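Shown next, in structure tokens, is the structure this report addresses.
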Amino acid sequence: EGQGISFFRNPLDKSPADEIDAEKNDNAPTGSILVPTEDRQKCTDQMLLLMKQFEPCQFRTSDRKSSRSRDRALGFPGLVCIHCNQKRYFPISEKKLQDSLSLMTTHIHNCFHAPLDVKASLCYLQHRSLLQKQELPGQWKFTFFKGVWNRLHQHHGTEVDADPSAVDDAVKESECKEEAVKVLPEGNTPAAEDISPVEEELNTTDSADEEGKPILYNTSNVALEEQDHAEALRDMKDLIKSAALWLSERDAEYEARARGGRGKGSKRR
């Protein structure tokens with residue numbers, strides 16, 4: 001049988017990286033609340049695409065199950081993955097937001113719900129970011145994430161002003177639960193599900209269709225889809241690594257030829 005390659009998407013369609021290039025050329029909006037149009041030049045294209053995969057969220061009572069976020073106040077602003085709507089981050093400072101960058105990148109690459117073309121574009125733009133970082137100021141990350149932090153908390157303030165009763169109800173609910181825990185008899189401890197981490201990769205609850213009927217999932221089919229997704233992701237990473245290696249070897253070859261040409265010219269003189 002003949003061998004060849006298969007595409008996981010139509011190569012004639014625009015990838016997320018191509019869409020970012022088109023937005024830059026047309027000076028169009030970025031489509032992200034966190035990164036406005038005027039801040040597009042303050043970061044790399046890879047950073048912009050990564051931030052577009054998250055949206056603002058607010059700390060809820062259920063988020064107290066996570067040991068890392070127990071001390072957050074209800075309504076505290078954070079970021080949530082737009083694909084799985086499960087992975088949530090609640091950094092307490094601009095520095096912690098910047099430190100969460102590697103965790104956010106890892107999550108998108110491992111998120112089962114994130115499209116493959118997004119993951120491929122992030123890998124592709126990583127190579128471009130090496131050149132773009134040289135054109136940005138030395139403290140560009142600090143400046144960029146300071147703006148993201150300010151907009152995240154401004155967006156939170158706007159939502160609270162629009163519906164302050166939502167946060168008040170959540171606070172009352174939390175206080176009632178805390179009082180209930182205080183009056184528990186000695187020896188009684190919360191159930192294991194109450195102390196399990198909230199930041200999970202997949203949502204284990206059942207979904208419902210438009211008519212409100214529960215949707216039952218076949219676990220075997222889900223396992224097969226996850227296996228196919230993982231294999232496609234590994235093949236994509238191998239292809240990207242091979243392309244990067246080929247580019248490096250080609251650059252080294254061109255540089256060697258250029259040096260050889262300069263050497264011959266000096267000998268003639």
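Letters A, B, ... mark the chains of the structure tokens in the order given; residue numbers begin at 1 per chain; ligand numbers begin at 1, in order shown.
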Please list as a PDB file with all heavy atoms, in the first residue's frame every residue within 9 Å of Ala120 in chain A, counting only C-alpha atoms and excluding residues in the same chain fewer than 2 positions away.
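And here is the file that came out, part-v2.pdb:
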ATOM      1  N   SER A  15      -5.982  28.961   9.791  1.00  0.00           N
ATOM      2  CA  SER A  15      -5.715  28.461  11.127  1.00  0.00           C
ATOM      3  C   SER A  15      -5.851  29.613  12.125  1.00  0.00           C
ATOM      4  O   SER A  15      -5.926  30.785  11.727  1.00  0.00           O
ATOM      5  CB  SER A  15      -4.306  27.871  11.198  1.00  0.00           C
ATOM      6  OG  SER A  15      -3.333  28.893  11.034  1.00  0.00           O
ATOM      7  N   PRO A  16      -5.901  29.327  13.426  1.00  0.00           N
ATOM      8  CA  PRO A  16      -5.923  30.425  14.409  1.00  0.00           C
ATOM      9  C   PRO A  16      -4.742  31.378  14.257  1.00  0.00           C
ATOM     10  O   PRO A  16      -4.901  32.584  14.477  1.00  0.00           O
ATOM     11  CB  PRO A  16      -5.891  29.682  15.747  1.00  0.00           C
ATOM     12  CG  PRO A  16      -6.553  28.374  15.459  1.00  0.00           C
ATOM     13  CD  PRO A  16      -6.131  28.027  14.065  1.00  0.00           C
ATOM     14  N   ALA A  17      -3.577  30.867  13.859  1.00  0.00           N
ATOM     15  CA  ALA A  17      -2.424  31.746  13.632  1.00  0.00           C
ATOM     16  C   ALA A  17      -2.673  32.665  12.430  1.00  0.00           C
ATOM     17  O   ALA A  17      -2.316  33.850  12.461  1.00  0.00           O
ATOM     18  CB  ALA A  17      -1.167  30.905  13.408  1.00  0.00           C
ATOM     19  N   HIS A 109      -2.666  22.486  25.886  1.00  0.00           N
ATOM     20  CA  HIS A 109      -2.103  21.386  25.097  1.00  0.00           C
ATOM     21  C   HIS A 109      -2.684  20.038  25.520  1.00  0.00           C
ATOM     22  O   HIS A 109      -2.765  19.114  24.699  1.00  0.00           O
ATOM     23  CB  HIS A 109      -0.581  21.363  25.237  1.00  0.00           C
ATOM     24  CG  HIS A 109       0.123  22.413  24.439  1.00  0.00           C
ATOM     25  ND1 HIS A 109       0.049  22.485  23.063  1.00  0.00           N
ATOM     26  CD2 HIS A 109       0.909  23.451  24.828  1.00  0.00           C
ATOM     27  CE1 HIS A 109       0.762  23.512  22.628  1.00  0.00           C
ATOM     28  NE2 HIS A 109       1.281  24.115  23.681  1.00  0.00           N
ATOM     29  N   PRO A 115      -9.492  22.543  20.443  1.00  0.00           N
ATOM     30  CA  PRO A 115      -9.296  22.083  19.059  1.00  0.00           C
ATOM     31  C   PRO A 115      -7.825  21.847  18.738  1.00  0.00           C
ATOM     32  O   PRO A 115      -6.936  22.514  19.269  1.00  0.00           O
ATOM     33  CB  PRO A 115      -9.866  23.238  18.221  1.00  0.00           C
ATOM     34  CG  PRO A 115     -10.757  24.009  19.147  1.00  0.00           C
ATOM     35  CD  PRO A 115     -10.152  23.869  20.502  1.00  0.00           C
ATOM     36  N   LEU A 116      -7.591  20.899  17.857  1.00  0.00           N
ATOM     37  CA  LEU A 116      -6.217  20.585  17.463  1.00  0.00           C
ATOM     38  C   LEU A 116      -5.563  21.735  16.714  1.00  0.00           C
ATOM     39  O   LEU A 116      -4.348  21.931  16.825  1.00  0.00           O
ATOM     40  CB  LEU A 116      -6.193  19.321  16.604  1.00  0.00           C
ATOM     41  CG  LEU A 116      -6.463  17.991  17.320  1.00  0.00           C
ATOM     42  CD1 LEU A 116      -6.481  16.858  16.314  1.00  0.00           C
ATOM     43  CD2 LEU A 116      -5.409  17.730  18.383  1.00  0.00           C
ATOM     44  N   ASP A 117      -6.354  22.503  15.949  1.00  0.00           N
ATOM     45  CA  ASP A 117      -5.731  23.593  15.202  1.00  0.00           C
ATOM     46  C   ASP A 117      -5.240  24.689  16.144  1.00  0.00           C
ATOM     47  O   ASP A 117      -4.248  25.371  15.842  1.00  0.00           O
ATOM     48  CB  ASP A 117      -6.703  24.154  14.159  1.00  0.00           C
ATOM     49  CG  ASP A 117      -8.012  24.607  14.779  1.00  0.00           C
ATOM     50  OD1 ASP A 117      -8.220  24.330  15.974  1.00  0.00           O
ATOM     51  OD2 ASP A 117      -8.826  25.223  14.072  1.00  0.00           O
ATOM     52  N   VAL A 118      -5.889  24.855  17.294  1.00  0.00           N
ATOM     53  CA  VAL A 118      -5.403  25.814  18.292  1.00  0.00           C
ATOM     54  C   VAL A 118      -4.074  25.339  18.871  1.00  0.00           C
ATOM     55  O   VAL A 118      -3.125  26.120  19.023  1.00  0.00           O
ATOM     56  CB  VAL A 118      -6.453  26.014  19.403  1.00  0.00           C
ATOM     57  CG1 VAL A 118      -5.877  26.827  20.556  1.00  0.00           C
ATOM     58  CG2 VAL A 118      -7.691  26.689  18.840  1.00  0.00           C
ATOM     59  N   LEU A 122      -0.431  27.230  18.456  1.00  0.00           N
ATOM     60  CA  LEU A 122       0.386  27.623  19.600  1.00  0.00           C
ATOM     61  C   LEU A 122       1.825  27.125  19.440  1.00  0.00           C
ATOM     62  O   LEU A 122       2.782  27.848  19.749  1.00  0.00           O
ATOM     63  CB  LEU A 122      -0.225  27.082  20.891  1.00  0.00           C
ATOM     64  CG  LEU A 122      -1.452  27.820  21.438  1.00  0.00           C
ATOM     65  CD1 LEU A 122      -2.043  27.069  22.614  1.00  0.00           C
ATOM     66  CD2 LEU A 122      -1.085  29.242  21.837  1.00  0.00           C
ATOM     67  N   CYS A 123       1.979  25.898  18.967  1.00  0.00           N
ATOM     68  CA  CYS A 123       3.328  25.370  18.726  1.00  0.00           C
ATOM     69  C   CYS A 123       4.023  26.132  17.598  1.00  0.00           C
ATOM     70  O   CYS A 123       5.219  26.427  17.685  1.00  0.00           O
ATOM     71  CB  CYS A 123       3.251  23.885  18.394  1.00  0.00           C
ATOM     72  SG  CYS A 123       2.696  22.840  19.757  1.00  0.00           S
ATOM     73  N   TYR A 124       3.293  26.443  16.560  1.00  0.00           N
ATOM     74  CA  TYR A 124       3.867  27.185  15.435  1.00  0.00           C
ATOM     75  C   TYR A 124       4.279  28.591  15.849  1.00  0.00           C
ATOM     76  O   TYR A 124       5.369  29.065  15.501  1.00  0.00           O
ATOM     77  CB  TYR A 124       2.850  27.236  14.297  1.00  0.00           C
ATOM     78  CG  TYR A 124       3.208  28.229  13.206  1.00  0.00           C
ATOM     79  CD1 TYR A 124       4.235  27.971  12.295  1.00  0.00           C
ATOM     80  CD2 TYR A 124       2.512  29.429  13.089  1.00  0.00           C
ATOM     81  CE1 TYR A 124       4.554  28.877  11.315  1.00  0.00           C
ATOM     82  CE2 TYR A 124       2.830  30.337  12.106  1.00  0.00           C
ATOM     83  CZ  TYR A 124       3.854  30.066  11.221  1.00  0.00           C
ATOM     84  OH  TYR A 124       4.178  30.970  10.246  1.00  0.00           O
ATOM     85  N   LEU A 125       3.424  29.261  16.615  1.00  0.00           N
ATOM     86  CA  LEU A 125       3.709  30.634  17.027  1.00  0.00           C
ATOM     87  C   LEU A 125       4.820  30.695  18.063  1.00  0.00           C
ATOM     88  O   LEU A 125       5.406  31.758  18.277  1.00  0.00           O
ATOM     89  CB  LEU A 125       2.446  31.289  17.586  1.00  0.00           C
ATOM     90  CG  LEU A 125       1.334  31.541  16.568  1.00  0.00           C
ATOM     91  CD1 LEU A 125       0.106  32.104  17.251  1.00  0.00           C
ATOM     92  CD2 LEU A 125       1.814  32.480  15.468  1.00  0.00           C
ATOM     93  N   LEU A 233      -2.283  14.184  18.564  1.00  0.00           N
ATOM     94  CA  LEU A 233      -1.474  15.231  19.175  1.00  0.00           C
ATOM     95  C   LEU A 233       0.003  14.868  19.159  1.00  0.00           C
ATOM     96  O   LEU A 233       0.857  15.713  18.883  1.00  0.00           O
ATOM     97  CB  LEU A 233      -1.945  15.480  20.610  1.00  0.00           C
ATOM     98  CG  LEU A 233      -1.273  16.629  21.362  1.00  0.00           C
ATOM     99  CD1 LEU A 233      -1.492  17.952  20.617  1.00  0.00           C
ATOM    100  CD2 LEU A 233      -1.820  16.725  22.784  1.00  0.00           C
ATOM    101  N   MET A 236       1.283  15.292  15.656  1.00  0.00           N
ATOM    102  CA  MET A 236       1.419  16.717  15.344  1.00  0.00           C
ATOM    103  C   MET A 236       2.690  17.289  15.972  1.00  0.00           C
ATOM    104  O   MET A 236       3.424  18.052  15.339  1.00  0.00           O
ATOM    105  CB  MET A 236       0.189  17.473  15.843  1.00  0.00           C
ATOM    106  CG  MET A 236       0.235  18.976  15.590  1.00  0.00           C
ATOM    107  SD  MET A 236      -1.233  19.791  16.234  1.00  0.00           S
ATOM    108  CE  MET A 236      -1.000  19.458  17.993  1.00  0.00           C
ATOM    109  N   LYS A 237       2.970  16.908  17.233  1.00  0.00           N
ATOM    110  CA  LYS A 237       4.180  17.399  17.890  1.00  0.00           C
ATOM    111  C   LYS A 237       5.429  16.898  17.188  1.00  0.00           C
ATOM    112  O   LYS A 237       6.404  17.635  17.035  1.00  0.00           O
ATOM    113  CB  LYS A 237       4.172  16.964  19.358  1.00  0.00           C
ATOM    114  CG  LYS A 237       3.146  17.690  20.209  1.00  0.00           C
ATOM    115  CD  LYS A 237       3.238  17.258  21.668  1.00  0.00           C
ATOM    116  CE  LYS A 237       2.262  18.035  22.521  1.00  0.00           C
ATOM    117  NZ  LYS A 237       2.321  17.616  23.949  1.00  0.00           N
ATOM    118  N   ILE A 240       5.943  18.924  14.056  1.00  0.00           N
ATOM    119  CA  ILE A 240       6.435  20.273  14.354  1.00  0.00           C
ATOM    120  C   ILE A 240       7.905  20.233  14.726  1.00  0.00           C
ATOM    121  O   ILE A 240       8.694  21.087  14.311  1.00  0.00           O
ATOM    122  CB  ILE A 240       5.591  20.904  15.471  1.00  0.00           C
ATOM    123  CG1 ILE A 240       4.155  21.145  14.969  1.00  0.00           C
ATOM    124  CG2 ILE A 240       6.192  22.207  15.962  1.00  0.00           C
ATOM    125  CD1 ILE A 240       3.210  21.616  16.039  1.00  0.00           C
TER     126      ILE A 240
END
For each of A:Pro11, A:Pro36, A:Gly147, A:Pro77, take the minimum atom-to-atom distance to Glu23 in chain A, counting only C-alpha atoms, then give the residue where this is smallest.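 Of A:Pro11, A:Pro36, A:Gly147, A:Pro77, the one nearest Glu23 in chain A, counting only C-alpha atoms, is A:Pro36.
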Under the rule that only C-alpha atoms are counted, which of A:Ile20, A:Ala73, A:Cys57, A:Met51 is the nearest residue to Ser100 in chain A?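 Checking each candidate against Ser100 in chain A, we get A:Met51 as the closest.
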Name the residues in contact with Thr30 in chain A at a cut-off of 12 Å, using only C-alpha atoms, excluding same-chain residues fewer than 4 positions from it; report them as an MDAnalysis selection string. chainID A and resid 16 19:26 34:41 45 48:53
I need the chosen residues saved as a short mmCIF file (atom, residue, chain, number, x, y, z; two decimals), in the first residue's frame, with N, CA and C atoms.
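The resulting again_12.cif:
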data_model
loop_
_atom_site.label_atom_id
_atom_site.label_comp_id
_atom_site.auth_asym_id
_atom_site.auth_seq_id
_atom_site.Cartn_x
_atom_site.Cartn_y
_atom_site.Cartn_z
N PRO A 16 -5.90 29.33 13.43
CA PRO A 16 -5.92 30.43 14.41
C PRO A 16 -4.74 31.38 14.26
N GLU A 19 -5.59 33.67 11.43
CA GLU A 19 -6.62 34.64 11.84
C GLU A 19 -6.00 35.79 12.63
N ILE A 20 -4.99 35.50 13.43
CA ILE A 20 -4.31 36.57 14.17
C ILE A 20 -3.57 37.49 13.21
N ASP A 21 -2.94 36.92 12.18
CA ASP A 21 -2.27 37.74 11.17
C ASP A 21 -3.27 38.64 10.45
N ALA A 22 -4.43 38.08 10.11
CA ALA A 22 -5.45 38.88 9.42
C ALA A 22 -5.98 39.99 10.32
N GLU A 23 -6.15 39.72 11.60
CA GLU A 23 -6.61 40.76 12.53
C GLU A 23 -5.58 41.89 12.64
N LYS A 24 -4.30 41.52 12.64
CA LYS A 24 -3.26 42.54 12.72
C LYS A 24 -3.23 43.40 11.46
N ASN A 25 -3.36 42.77 10.31
CA ASN A 25 -3.32 43.53 9.05
C ASN A 25 -4.53 44.46 8.91
N ASP A 26 -5.69 44.01 9.38
CA ASP A 26 -6.90 44.82 9.27
C ASP A 26 -7.14 45.70 10.49
N LEU A 34 -9.57 40.38 27.61
CA LEU A 34 -8.33 40.58 28.35
C LEU A 34 -7.28 41.33 27.55
N VAL A 35 -7.33 41.24 26.22
CA VAL A 35 -6.32 41.87 25.36
C VAL A 35 -7.02 42.76 24.34
N PRO A 36 -7.11 44.06 24.57
CA PRO A 36 -7.74 44.95 23.59
C PRO A 36 -6.84 45.16 22.38
N THR A 37 -7.37 45.83 21.39
CA THR A 37 -6.64 46.03 20.14
C THR A 37 -5.35 46.81 20.35
N GLU A 38 -5.38 47.81 21.23
CA GLU A 38 -4.20 48.65 21.42
C GLU A 38 -3.06 47.91 22.13
N ASP A 39 -3.34 46.77 22.77
CA ASP A 39 -2.30 46.01 23.46
C ASP A 39 -1.77 44.87 22.61
N ARG A 40 -2.22 44.77 21.37
CA ARG A 40 -1.77 43.67 20.51
C ARG A 40 -0.25 43.72 20.28
N GLN A 41 0.29 44.93 20.17
CA GLN A 41 1.72 45.08 19.90
C GLN A 41 2.58 44.95 21.16
N ASP A 45 2.51 36.95 19.37
CA ASP A 45 1.30 36.34 18.82
C ASP A 45 0.91 35.08 19.59
N LEU A 48 -0.94 36.17 22.68
CA LEU A 48 -2.28 36.63 22.35
C LEU A 48 -3.22 35.45 22.12
N LEU A 49 -2.76 34.45 21.37
CA LEU A 49 -3.61 33.29 21.10
C LEU A 49 -3.89 32.52 22.39
N LEU A 50 -2.91 32.44 23.27
CA LEU A 50 -3.12 31.74 24.54
C LEU A 50 -4.17 32.45 25.39
N MET A 51 -4.10 33.77 25.48
CA MET A 51 -5.05 34.51 26.29
C MET A 51 -6.46 34.44 25.70
N LYS A 52 -6.57 34.22 24.41
CA LYS A 52 -7.89 34.11 23.78
C LYS A 52 -8.58 32.79 24.14
N GLN A 53 -7.83 31.86 24.73
CA GLN A 53 -8.41 30.58 25.13
C GLN A 53 -9.00 30.62 26.54
#
